[in-house]
Amino acid sequence: MWWLTALPLFSAPVVAVLVYAGVLRSVVSNPGIAAWLRLAAVVLDVVSIALIALTIGSNRVPLALWHQRDDAPQNIVTFGAYRHVRHPFYVSFLIALAAAVLVAPHVLTALALVYGFVILNLTAAREERGLAASDFGEEYRRYMTRTGRFVPRWKGDA
């Protein structure tokens with residue numbers, strides 16, 4: 001089922017290329033606005049790439065890939081990028097999808113973002129249920145109370 005989760009990450013760039021090739025028409029026709037949207041998209045892409053790098057650097061042990069049935073975590077990571085959000089890779093994917101909407105404003109890129117949010121939220125919830133039921137259950141439940149799924153929690157939120 002990993003391909004259903006990855007679908008928006010593959011479809012949004014295809015739509016962007018089709019918009020730039022003129023096959024699909026952008027919903028923004030003003031060149032000045034389009035230029036500002038592209039600039040904002042570049043900023044979001046840089047943030048997305050930086051978050052991926054920070055997340056990779058936060059993983060000092062091999063990652064558990066929950067899409068593989070026989071894979072289970074050896075420990076939970078609560079430092080680095082994971083100190084702020086429980087699913088920093090997913091956040092970086094959502095930021096990249098938002099950038100795709102800005103660089104190629106089209107109904108299809110917007111749908112990819114919405115679908116990406118829904119499917120990544122469902123995937124994260126499934127992973128969290130597994131971790132809460134694992135040997136790390138109590139520790140993970142405490143981590144969940146102080147750390148947001150996709151958005152950092154401020155000190156007063158937990």
# chains A, B, ... in the order shown; residues from 1 in each chain; ligands from 1
>>> residues_around(residues="Leu97 of chain A", least_positions_apart="6", cutoff="8 Å", atoms="only C-alpha atoms", output="JSON, numbers by chain")
{"A": [8, 9, 12, 109, 112, 113, 116]}
>>> residues_around(residues="segment 121-131 of chain A", least_positions_apart="5", cutoff="8 Å", atoms="only C-alpha atoms", output="VMD selection string")
chain A and resid 5 66 87 136 to 137 140 149
>>> atom_distance(atom1="atom CA of His106 of chain A", atom2="atom CA of Ile52 of chain A")
25.7 Å
>>> residues_around(residues="segment 75-82 of chain A", least_positions_apart="6", cutoff="8 Å", atoms="only C-alpha atoms", output="list in words")
Leu51, Leu54, Thr55, Gly57, Ser58, Asn59, Pro88, Phe136, Tyr140 and Tyr143 of chain A
>>> atom_distance(atom1="atom CA of Pro152 of chain A", atom2="atom CA of Ala41 of chain A")
21.5 Å
>>> closest_residue(among="A:Ala16, A:Val27, A:Ala99, A:Ala21", to="Val47 of chain A", atoms="only C-alpha atoms")
A:Ala99
>>> atom_distance(atom1="atom CA of Val85 of chain A", atom2="atom CA of Leu37 of chain A")
26.5 Å
>>> closest_residue(among="A:Ala40, A:Ile119, A:Pro105, A:Ala132", to="Val15 of chain A", atoms="only C-alpha atoms")
A:Pro105
>>> closest_residue(among="A:Ala50, A:Leu4, A:Ala133, A:Leu39", to="Val91 of chain A", atoms="only C-alpha atoms")
A:Ala50
>>> select_by_dssp(residues="segment 25-149 of chain A", states="alpha helix (DSSP H)", output="PyMOL selection string")
chain A and resi 31-58+88-103+107-132+137-146
>>> closest_residue(among="A:Ile95, A:Val101, A:Leu120, A:Leu111", to="Asp45 of chain A", atoms="only C-alpha atoms")
A:Ile95
>>> closest_residue(among="A:Lys155, A:Trp2, A:Thr147, A:Glu139", to="His84 of chain A", atoms="only C-alpha atoms")
A:Thr147
